[in-house]
Amino acid sequence: MANTAALEGINGLRDIRRSPASHLASALEAGSVEGTVVLKEGPFQTMAGIRVDPRSEQGSRIASVAGGLPARCGEVAGSDGVSVLWLGPAEFLVVAPEEAHDSLGGDLIGSLTAALGDAPGQVVDLSANRTTFELSGPRARAVLEKGCAVDLHPRSIKPGTALNTEVGNIPVVLLKSGEESFRLFPRASFADFLGRWLLDAMREYASPEVP
Amino acid sequence: MLLISCPNCGSRDETEFHYGGQAHVAYPENPNDLTDREWAEYLFYRDNTKGTFAERWLHSTGCRQWFNMLRDTVTYDIQAVYPMGTPRPAAAGAAAVAAPDAGTASTAPDSTTTGTAAPSTTATSISPTSTASSTTAPEGATK
Ligand SMILES: [Zn+2]
């Protein structure tokens, strides 16, 4: 018989849910250089993909639920721990803590779906689509610059900017979360490759700097 | 590596984009009226321009939007980026030989109509054919 104790939460399977890079957890810990560059896989998050014309009536209804829609590339809108990332002129990614998911007592997906109603557009639960890597430390930018062509210099990218781009040839949403920290959202199937790619890029910073 | 200016996202690496072939190839107004040869030419025949070429691009790992671009197939000089559905801008057809700073004055009003009589060394062997030559489709029906 199935272990009924585990059948709670998301589709009754919350306790046995595994994150896409969970098998790398010890490698991420071993490969991190405290005070220089640290890589972690972030906690589960609730994500919703939204396609809606932001200038339409349904667009403003969704904006009022999500806490605003970003107007252009790089911008992040949202409120109360809910971030709305710009993916395209009519495409957005809502990122919220795991508890915001309807199956865990929240109402994010349901309220977004209700806000769209029957109007043209879509709201899709993408919570399992992407995982989160958190890369931080004074060398975080140098690590990313090995495989990311957008200008990551602080003069051109400020904390609170999110870009849909490539890191290590993997399509990711790259969010600059602090002065020296980044969040990367790769699709689940790329998490293993990107995790190992980042570890490889971080390796040189474990050795003493060559003058 | 090309650095392509997406109208939505700004300058990004070529690897973020997908090439969409020749621009301004309109869908035939009445496909049933076409002969097999005309239909095949609409489907498969494209200009192979040496020089300024209007082409479609998709920013596939960015904003996922299509746009048009005028690019010199010899120098890779990007002369103009313009939205889908708008006509090809008049870009300097002989820009590659006319001026060392070619490309910056892409949509300048003083530039001559594209490809007509450009005495360019790059265009002497192949006549600069008009983009509509390979199809019988009506103009202005681009997506
Ligand atoms: Zn773009």
# chains A, B, ... in the order shown; residues from 1 in each chain; ligands from 1
>>> interface_residues(of="chain B", to="chain A", cutoff="8 Å", atoms="only C-alpha atoms", output="ChimeraX atom specification")
/B:8-9,12-13,16,61-65
>>> residues_around(residues="Thr132 (chain A)", least_positions_apart="2", cutoff="10 Å", atoms="only C-alpha atoms", output="PyMOL selection string")
chain A and resi 19-21+40-45+130+134-135+172-174+183-188+191
>>> residues_around(residues="region 119-122 of chain A", least_positions_apart="3", cutoff="8 Å", atoms="only C-alpha atoms", output="ChimeraX atom specification")
/A:49-53,58,113,116
>>> select_by_dssp(residues="region 3-210 of chain A", states="helix (DSSP H, G or I)", output="count of residues only")
69
>>> residues_around(residues="region 70-73 of chain B", least_positions_apart="5", cutoff="8 Å", atoms="only C-alpha atoms", output="PyMOL selection string")
chain B and resi 49-55+78-81+91+96
>>> residues_around(residues="Leu58 (chain B)", least_positions_apart="5", cutoff="6 Å", atoms="only C-alpha atoms", output="ChimeraX atom specification")
/B:17-18,65-66
>>> write_last_selection(atoms="C-alpha atoms", output="mmCIF file, in the first residue's frame")
data_model
loop_
_atom_site.group_PDB
_atom_site.id
_atom_site.type_symbol
_atom_site.label_atom_id
_atom_site.label_comp_id
_atom_site.auth_asym_id
_atom_site.auth_seq_id
_atom_site.Cartn_x
_atom_site.Cartn_y
_atom_site.Cartn_z
ATOM 1 C CA PHE B 17 18.228 34.402 -32.502
ATOM 2 C CA HIS B 18 16.863 32.210 -35.232
ATOM 3 C CA GLN B 65 9.176 38.111 -31.201
ATOM 4 C CA TRP B 66 9.795 38.287 -34.930
#
>>> residues_around(residues="Val76 (chain A)", least_positions_apart="2", cutoff="12 Å", atoms="only C-alpha atoms", output="ChimeraX atom specification")
/A:66-74,78-79,81-87,92-95,158-164,173-177
>>> closest_residue(among="B:Cys6, B:Ala40, B:Met1, B:Met84", to="ligand 1", atoms="only C-alpha atoms and all ligand atoms")
B:Cys6
>>> atom_distance(atom1="CA of Arg46 (chain B)", atom2="CA of Gln22 (chain B)")
6.8 Å
>>> decode(residues="region 92-115 of chain A", atoms="N, CA, C and O atoms", output="compact mmCIF listing (two decimals), in the first residue's frame")
# COMPACT_ATOMS: atom_id res chain seq x y z
N PHE A 92 4.66 37.16 -19.56
CA PHE A 92 5.23 37.46 -18.25
C PHE A 92 5.37 36.19 -17.43
O PHE A 92 4.64 35.22 -17.66
N LEU A 93 6.29 36.20 -16.49
CA LEU A 93 6.46 35.06 -15.58
C LEU A 93 6.27 35.58 -14.15
O LEU A 93 6.98 36.47 -13.71
N VAL A 94 5.29 34.99 -13.47
CA VAL A 94 5.03 35.37 -12.09
C VAL A 94 5.75 34.37 -11.19
O VAL A 94 5.60 33.16 -11.35
N VAL A 95 6.57 34.88 -10.28
CA VAL A 95 7.33 34.02 -9.36
C VAL A 95 6.94 34.38 -7.94
O VAL A 95 6.99 35.56 -7.55
N ALA A 96 6.54 33.38 -7.18
CA ALA A 96 6.08 33.62 -5.81
C ALA A 96 6.57 32.48 -4.93
O ALA A 96 6.99 31.44 -5.43
N PRO A 97 6.53 32.65 -3.61
CA PRO A 97 6.94 31.56 -2.72
C PRO A 97 6.04 30.34 -2.92
O PRO A 97 4.90 30.45 -3.37
N GLU A 98 6.58 29.19 -2.53
CA GLU A 98 5.86 27.94 -2.75
C GLU A 98 4.46 27.96 -2.14
O GLU A 98 3.50 27.45 -2.72
N GLU A 99 4.33 28.56 -0.94
CA GLU A 99 3.04 28.54 -0.23
C GLU A 99 1.95 29.26 -0.99
O GLU A 99 0.77 29.12 -0.68
N ALA A 100 2.33 30.07 -1.99
CA ALA A 100 1.32 30.79 -2.75
C ALA A 100 0.53 29.86 -3.66
O ALA A 100 -0.50 30.25 -4.21
N HIS A 101 1.03 28.63 -3.83
CA HIS A 101 0.34 27.70 -4.73
C HIS A 101 -0.99 27.25 -4.13
O HIS A 101 -1.09 27.02 -2.93
N ASP A 102 -1.96 27.11 -4.99
CA ASP A 102 -3.32 26.78 -4.54
C ASP A 102 -3.38 25.47 -3.77
O ASP A 102 -4.19 25.32 -2.86
N SER A 103 -2.52 24.51 -4.12
CA SER A 103 -2.58 23.22 -3.45
C SER A 103 -1.96 23.27 -2.07
O SER A 103 -2.03 22.30 -1.32
N LEU A 104 -1.31 24.38 -1.73
CA LEU A 104 -0.68 24.50 -0.41
C LEU A 104 -1.32 25.62 0.39
O LEU A 104 -0.70 26.21 1.27
N GLY A 105 -2.54 25.95 0.06
CA GLY A 105 -3.26 26.95 0.84
C GLY A 105 -3.27 28.34 0.25
O GLY A 105 -3.96 29.22 0.76
N GLY A 106 -2.48 28.56 -0.81
CA GLY A 106 -2.47 29.88 -1.43
C GLY A 106 -3.58 30.01 -2.46
O GLY A 106 -4.44 29.13 -2.58
N ASP A 107 -3.54 31.12 -3.22
CA ASP A 107 -4.56 31.28 -4.24
C ASP A 107 -4.02 31.98 -5.48
O ASP A 107 -4.78 32.58 -6.24
N LEU A 108 -2.70 31.91 -5.69
CA LEU A 108 -2.11 32.70 -6.77
C LEU A 108 -2.64 32.28 -8.15
O LEU A 108 -3.14 33.11 -8.90
N ILE A 109 -2.53 30.98 -8.45
CA ILE A 109 -2.93 30.52 -9.78
C ILE A 109 -4.42 30.76 -9.99
O ILE A 109 -4.85 31.27 -11.04
N GLY A 110 -5.21 30.41 -8.97
CA GLY A 110 -6.66 30.57 -9.08
C GLY A 110 -7.07 32.01 -9.28
O GLY A 110 -7.92 32.31 -10.12
N SER A 111 -6.43 32.91 -8.54
CA SER A 111 -6.85 34.31 -8.67
C SER A 111 -6.39 34.91 -10.00
O SER A 111 -7.08 35.75 -10.57
N LEU A 112 -5.24 34.46 -10.52
CA LEU A 112 -4.82 34.94 -11.84
C LEU A 112 -5.76 34.41 -12.92
O LEU A 112 -6.14 35.15 -13.83
N THR A 113 -6.12 33.13 -12.79
CA THR A 113 -7.04 32.54 -13.77
C THR A 113 -8.38 33.26 -13.74
O THR A 113 -8.96 33.56 -14.79
N ALA A 114 -8.84 33.56 -12.52
CA ALA A 114 -10.11 34.26 -12.40
C ALA A 114 -10.02 35.66 -12.99
O ALA A 114 -10.97 36.15 -13.61
N ALA A 115 -8.85 36.31 -12.81
CA ALA A 115 -8.70 37.67 -13.34
C ALA A 115 -8.73 37.68 -14.86
O ALA A 115 -9.23 38.61 -15.47
